[in-house]
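Below is one structure; the comments refer to it alone.
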Amino acid sequence: MKVPLSWLKDYVDIDMPVEDLAERLTLAGLEVEAIERIGANWDRDKIFVGQIISVDPHPDADRLTLATVDYGAGQPLTVVTGAPNVKVYEGAMPAHPLKVAFAVVGAQLIDGHYDDGRLLKLKATKIRGVRSEGMVCSEKELGLSDEHEGILYLPADAPVGMPLANYLGDVVLEFDIKGPFAHLYSVISIAREIAALTGKPYRRDVLTILEREPVEIVPQAPFLELEIADPELCPRYSAALIRGVKIGPSPFWMQQRLIRAGMRPINNIVDVTNYVMLELGQPLHAFDYAWLRPRPGGDKPAIIVRRAHPGERMTTLDGVERNLDPEMLLITDGGGPVAIAGVMGGLESEVTENTTDVLLESANFDFINNRRTSQMLKLSSEAATRFGRRVDPELTVKALARAGQLMAELAGGTVEPVYGDLYPGRAEPRTITLDPAYVGWILGIEIPVAEMIRILESLEFQVETSGETNGELKVTVPSYRLDVDIPADLVEEIGRVWGYDRLPATLIADELPPQRGNPALEGEEKVRDVLVGCGLQEVITYSLGSLEDFARLHPGGKQLNPGEYVRIANPLSSEREFMRQTLMSNLLDTIRDNLRYTERMAVFEIGRVYRPRPDEVLPAEPRRLAIAMTGPRTERSWLSGDPGELDFYDLKGVVETLLAHLGLGENSAFTPVEHPTFKPGRTAALTVNGVEVGVMGEVHPLVCEAFGMAGRRVCLLEFDLEVLLEQRGPTRFMQPISRFPAVIQDLAVLVDEDVPASRVEETIKAAGSSLLRNVLLFDLYRGEQIPAGKKSLAYSLTYQADDRTLTDEEVARVQARIVRRLEQELGARLRV
């Protein structure tokens, strides 16, 4: 929300630097996001308020005009201009004075011929033979807007000779208001906060018009039949009639305030409704009274506030026809919808240049329903922004009075002295008992009771004190503070106005509680870090899906039993009806969708799955880890040939890296298994410390086809993260790095085809004693030199001692022992 400082000064005196004010407001919870200075670059000795005293044709150019301008310097200057809104006065000056923004030589302005905001320094020049030593300025040249078709005319009472920065300059504070605080979306509320923070008087005359100029407020006004059919969605609806208005532009001061607040001036009636909304925080809507229809057989227009009928439609002010659902609240007349309540008016009843009588609506709507309607229609508006944050229902008639006052003044209208007002949602005043000691206990400082009362009363809380209540304060909450319900809310108000920055910095008096780790979270973060280090990206997918999606993990599909899944009672769609029991289907969907943009994907997800538990209301929610990889092994490059596709062994390498970083590499094993989702012969189960953790492999071609990836090799795994992390020991022991050189020997053996390499490696390690530091399989060979039913496995063995350099004899003895053990246990023989 943008608020001009000049507007705030109508209601509170501000004498501190604007930077200090912004900081004070921010510390009090009203974050000032930006400060815009209008006219900060206008030279006070070169840009003035001027008055055109004559307009004459240019002697040598039909499209140019000579304007003679008095700018308070004694001798007027004649300048050349091509502005069409000056040329119209050639030889026929109007009765009212033509006040303008006038710049003399040396002034720095925005170059109106470009759109990039470049600056120009005004110089004296001859234009078609006539010397020009100044410029009458447009809004674009001053940086006020992009309007460059004509010059800017100022009000007739603008003082000639005053520096334009003094007359038109301003500071605009842009607020970022967070939370359901509609009252802070108004100028008077910001002014109230400033008054409370600075101790300055708060001028609230705009809220007390009805006290000075009372009108009759009745449920049914003579000019309108009112009905609220859904009072739970519309707690209050008020209406006033202004007759005999004359539609035209709003005055300069109002247009400038609206522009600086971020709104576009339209006409005097619409501008008044927007002005009062910004000023008081109460959205208003103006209907053309002549277009409102009575009920059938009625003699006066009717307004009915009701939910939309099934299939009902209407065209809003932006010219879009909207489809409405039965939960949307409408403003209707006797013939149908005329507005979407609290969001936007209808096109048929909008105010036009032919409007003479205006029905002014000031209502209050349920904030949740309003937000839903705005979101469902994808239609945001200033009114919806406020109604969606809970507007004070007591504001409706106050806003009518203020708007009626302005319409009478600016549009020549006559306000009917009766308001129609239905108020079914009237709430009783809220009273809270506050113990001053409680304030000190919460804030940790002693604030004088008199200061507490001053702060609360400056925010328009009513405070009563009584000796019978042991010094307790009886606080009546003002109607606009819909967020204040308990004593802690009052403490917050006292604390923020007192100043959180004034709270003393202290050390905690008690001993710090013991710091305990969170192994589950720490383990999960460790897994994330390792996988990201392996080049994978983390994704987060929906926890909901359909049985059809889950069944695609089985080749040919499988009829899944809905009773075995957690079902959502009110799903948003049939595609999000059941809670998942695996991450694999969502991960395959993610791979498929992203392959449209890239040829390589390597992703992982850590998430929960949901399994029903007998006799339990809530399901089990174990954590799972899933990884999916597909595409070329490395990025394609002209420096290398075909990089090959990611396959089972790339996935296995990622898993081995993860296990090594978790300290589980020595205690893990991969066992061939069968699984319907995976390709036979390319599937393995991971066990750690003898406990099965999960399954991994290359996805079955039929499953790939079911997920829209026919012909593509996809590697996939899903592990039980809880089980995996449980296998981590509480302590990891570090080993010193030997300073003595290692000895590397190769060993090639022939074994039966059905003997797994992991079994050979285990046997080598068992026989190698402490001198064997590493075993690496570097070759698998089957060929003519190898007997049928046999395979050759070649290993690189690393020997090293911590206290000496190993001799050839020591290494030979260990290697011989390894060969004997392989021959005895596996029937292996040395390949030479």
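Residue numbering restarts at 1 in every chain; chains get A, B, ... in the order shown in the structure tokens, and ligands count up from 1 in that same order.
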For Ala40 in chain A: contacts at 9 Å, only C-alpha atoms, fewer than 2 positions along chain excluded, given as number ranges by chain:
A: 37-38, 42-43, 165, 169-171
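Residues in contact with Asn267 in chain A at 7 Å, where only C-alpha atoms are counted and same-chain residues fewer than 2 positions away are skipped, are listed as A:Ile247, A:Gly248, A:Pro249, A:Ser250, A:Pro265, A:Ile269, A:Val270, A:Asp271.
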Compile the contact shell of Thr671 in chain A as a list in words: residues with an atom at most 10 Å away, counting only C-alpha atoms, same-chain residues fewer than 4 positions apart removed.
Thr683, Ala684, Ala685, Leu686, Thr687, Glu692, Val695, Pro756 and Ser758 of chain A
As a tab-separated table (two decimals) with C-alpha atoms, in the first residue's frame, please: every residue in range 69-157 of chain A that a backbone DSSP assignment puts in alpha helix (DSSP H).
```
chain	number	residue	atom	x	y	z
A	84	PRO	CA	-2.15	20.84	-28.23
A	85	ASN	CA	-3.79	21.77	-24.92
A	86	VAL	CA	-2.00	25.13	-25.12
A	87	LYS	CA	-2.68	25.80	-28.79
A	139	GLU	CA	3.76	15.15	-16.55
A	140	LYS	CA	6.31	12.89	-18.26
A	141	GLU	CA	9.01	15.57	-18.25
A	142	LEU	CA	8.49	15.97	-14.52
```
Spatial neighbours of range 279-281 of chain A, 8 Å, only C-alpha atoms, chain gap at least 4 places, as a PyMOL selection string:
chain A and resi 182-189+275+386+391+395+399
Dump all heavy atoms for the selected residues as a short mmCIF file (atom, residue, chain, number, x, y, z; two decimals), in the first residue's frame?
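Everything below was put into again.cif:
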```cif
data_model
loop_
_atom_site.label_atom_id
_atom_site.label_comp_id
_atom_site.auth_asym_id
_atom_site.auth_seq_id
_atom_site.Cartn_x
_atom_site.Cartn_y
_atom_site.Cartn_z
N ALA A 182 -6.85 -5.48 7.90
CA ALA A 182 -7.44 -4.59 6.90
C ALA A 182 -7.42 -3.14 7.36
O ALA A 182 -7.36 -2.23 6.53
CB ALA A 182 -8.87 -5.03 6.59
N HIS A 183 -7.44 -2.92 8.67
CA HIS A 183 -7.48 -1.53 9.15
C HIS A 183 -6.21 -0.77 8.78
O HIS A 183 -6.22 0.46 8.69
CB HIS A 183 -7.71 -1.49 10.66
CG HIS A 183 -6.57 -2.03 11.47
ND1 HIS A 183 -6.38 -3.38 11.67
CD2 HIS A 183 -5.56 -1.41 12.14
CE1 HIS A 183 -5.31 -3.58 12.43
NE2 HIS A 183 -4.80 -2.40 12.71
N LEU A 184 -5.11 -1.50 8.56
CA LEU A 184 -3.87 -0.82 8.20
C LEU A 184 -3.81 -0.47 6.71
O LEU A 184 -2.86 0.16 6.27
CB LEU A 184 -2.66 -1.70 8.57
CG LEU A 184 -2.46 -1.92 10.07
CD1 LEU A 184 -1.27 -2.82 10.33
CD2 LEU A 184 -2.29 -0.59 10.81
N TYR A 185 -4.82 -0.89 5.95
CA TYR A 185 -4.91 -0.52 4.54
C TYR A 185 -5.72 0.77 4.41
O TYR A 185 -6.58 0.89 3.55
CB TYR A 185 -5.54 -1.64 3.72
CG TYR A 185 -4.59 -2.76 3.40
CD1 TYR A 185 -4.31 -3.73 4.34
CD2 TYR A 185 -3.98 -2.85 2.16
CE1 TYR A 185 -3.42 -4.77 4.06
CE2 TYR A 185 -3.10 -3.88 1.87
CZ TYR A 185 -2.82 -4.83 2.82
OH TYR A 185 -1.95 -5.85 2.54
N SER A 186 -5.43 1.75 5.24
CA SER A 186 -6.12 3.04 5.17
C SER A 186 -5.21 4.12 5.70
O SER A 186 -4.33 3.88 6.55
CB SER A 186 -7.42 3.01 5.99
OG SER A 186 -7.15 2.87 7.37
N VAL A 187 -5.41 5.33 5.19
CA VAL A 187 -4.57 6.45 5.59
C VAL A 187 -4.82 6.83 7.04
O VAL A 187 -3.87 7.10 7.80
CB VAL A 187 -4.82 7.65 4.66
CG1 VAL A 187 -3.96 8.84 5.08
CG2 VAL A 187 -4.52 7.28 3.22
N ILE A 188 -6.08 6.82 7.47
CA ILE A 188 -6.35 7.26 8.84
C ILE A 188 -5.77 6.28 9.85
O ILE A 188 -5.35 6.69 10.95
CB ILE A 188 -7.86 7.44 9.10
CG1 ILE A 188 -8.62 6.12 8.90
CG2 ILE A 188 -8.44 8.53 8.24
CD1 ILE A 188 -9.98 6.12 9.55
N SER A 189 -5.70 5.00 9.52
CA SER A 189 -5.12 4.04 10.46
C SER A 189 -3.61 4.20 10.55
O SER A 189 -3.03 4.08 11.64
CB SER A 189 -5.48 2.61 10.04
OG SER A 189 -6.83 2.35 10.31
N TYR A 275 -11.12 7.11 -3.25
CA TYR A 275 -10.48 7.98 -2.29
C TYR A 275 -10.90 7.62 -0.87
O TYR A 275 -10.06 7.51 0.04
CB TYR A 275 -10.84 9.44 -2.60
CG TYR A 275 -10.15 10.45 -1.73
CD1 TYR A 275 -8.90 10.95 -2.06
CD2 TYR A 275 -10.75 10.92 -0.57
CE1 TYR A 275 -8.26 11.89 -1.26
CE2 TYR A 275 -10.13 11.85 0.25
CZ TYR A 275 -8.88 12.34 -0.10
OH TYR A 275 -8.25 13.26 0.69
N ARG A 386 -8.87 -5.75 0.79
CA ARG A 386 -9.28 -5.32 2.12
C ARG A 386 -10.31 -6.27 2.74
O ARG A 386 -10.17 -6.67 3.90
CB ARG A 386 -9.82 -3.89 2.05
CG ARG A 386 -8.71 -2.87 1.82
CD ARG A 386 -9.21 -1.54 1.29
NE ARG A 386 -8.13 -0.58 1.21
CZ ARG A 386 -7.22 -0.55 0.23
NH1 ARG A 386 -7.28 -1.43 -0.74
NH2 ARG A 386 -6.26 0.36 0.24
N VAL A 391 -12.67 -6.38 7.37
CA VAL A 391 -12.94 -4.95 7.49
C VAL A 391 -13.90 -4.72 8.65
O VAL A 391 -14.80 -5.53 8.92
CB VAL A 391 -13.53 -4.41 6.17
CG1 VAL A 391 -13.95 -2.95 6.31
CG2 VAL A 391 -12.52 -4.57 5.04
N LEU A 395 -17.65 0.65 9.99
CA LEU A 395 -17.21 1.70 9.07
C LEU A 395 -18.23 2.03 7.99
O LEU A 395 -18.12 3.07 7.34
CB LEU A 395 -15.91 1.27 8.38
CG LEU A 395 -14.58 1.61 9.06
CD1 LEU A 395 -13.43 1.04 8.24
CD2 LEU A 395 -14.42 3.11 9.22
N ALA A 399 -18.28 5.66 6.19
CA ALA A 399 -17.76 5.84 4.83
C ALA A 399 -18.82 6.45 3.92
O ALA A 399 -18.50 7.26 3.04
CB ALA A 399 -17.29 4.49 4.28
#
```
Non-local contacts of Arg592 in chain A (7 Å; only C-alpha atoms; under 4 positions in same chain excluded) as an mmCIF file with all heavy atoms, in the first residue's frame:
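Output (part.cif):
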```
data_model
loop_
_atom_site.group_PDB
_atom_site.id
_atom_site.type_symbol
_atom_site.label_atom_id
_atom_site.label_comp_id
_atom_site.auth_asym_id
_atom_site.auth_seq_id
_atom_site.Cartn_x
_atom_site.Cartn_y
_atom_site.Cartn_z
ATOM 1 N N LEU A 588 8.813 -41.216 -11.505
ATOM 2 C CA LEU A 588 8.779 -41.529 -12.934
ATOM 3 C C LEU A 588 7.974 -40.489 -13.702
ATOM 4 O O LEU A 588 8.327 -40.118 -14.835
ATOM 5 C CB LEU A 588 8.195 -42.934 -13.147
ATOM 6 C CG LEU A 588 9.095 -44.094 -12.702
ATOM 7 C CD1 LEU A 588 8.366 -45.424 -12.859
ATOM 8 C CD2 LEU A 588 10.400 -44.113 -13.487
ATOM 9 N N GLY A 708 4.923 -43.462 -20.367
ATOM 10 C CA GLY A 708 5.183 -42.598 -21.505
ATOM 11 C C GLY A 708 6.641 -42.435 -21.840
ATOM 12 O O GLY A 708 7.035 -41.403 -22.401
ATOM 13 N N MET A 709 7.481 -43.449 -21.518
ATOM 14 C CA MET A 709 8.919 -43.369 -21.810
ATOM 15 C C MET A 709 9.359 -44.634 -22.528
ATOM 16 O O MET A 709 10.364 -45.264 -22.185
ATOM 17 C CB MET A 709 9.710 -43.167 -20.519
ATOM 18 C CG MET A 709 9.448 -41.845 -19.817
ATOM 19 S SD MET A 709 10.433 -41.598 -18.334
ATOM 20 C CE MET A 709 9.662 -42.778 -17.211
#
```
If we count only C-alpha atoms and set the cut-off at 8 Å, which residues sit around Tyr500 in chain A, ignoring sequence neighbours fewer than 3 positions away in its own chain? Please answer as a list in words.
Leu27, Ala28, Gly495, Arg496, Val497 and Leu503 of chain A
If you run DSSP over the backbone, which residues in range 479-724 of chain A end up strand (DSSP E or B)? Put them as a PyMOL selection string.
chain A and resi 537-538+544-545+567+578-579+601-608+611+620+623-630+632+645+668-672+678-688+691-699+714-720
Among the residues A:Leu122, A:Met452, A:Ala427, A:Cys137, the one that comes closest to Gly440 in chain A [using only C-alpha atoms]:
A:Met452
Counting only C-alpha atoms, which residues of range 212-331 of chain A fall within 6 Å of range 417-425 of chain A, and what is the closest atom pair for each with its distance in Å at one decimal, ordered by chain and rising number, as CSV?
```
residue,atom,partner,partner_atom,distance
A:Val215,CA,A:Pro417,CA,5.1
A:Glu216,CA,A:Val418,CA,4.6
A:Ile217,CA,A:Tyr419,CA,4.8
A:Val218,CA,A:Gly420,CA,5.3
A:Pro219,CA,A:Asp421,CA,4.8
A:Gln220,CA,A:Gly420,CA,5.3
A:Ala221,CA,A:Gly420,CA,4.6
A:Pro235,CA,A:Gly425,CA,4.1
A:Arg236,CA,A:Tyr423,CA,4.4
A:Tyr237,CA,A:Leu422,CA,5.4
A:Ser238,CA,A:Asp421,CA,4.2
A:Ala239,CA,A:Gly420,CA,5.1
A:Ala240,CA,A:Tyr419,CA,5.0
```
Option closest in space to Lys46 in chain A, from A:Gly644, A:Pro555, A:Pro163, A:Gly74 [counting only C-alpha atoms]
A:Pro163
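With only C-alpha atoms as the atoms that count, the minimum distance from Ala339 in chain A to the choices A:Ala551, A:Glu823, A:Glu361, A:Thr805 is reached by A:Glu361.
Between CA of Pro643 in chain A and CA of Asp746 in chain A the separation is 28.1 Å.
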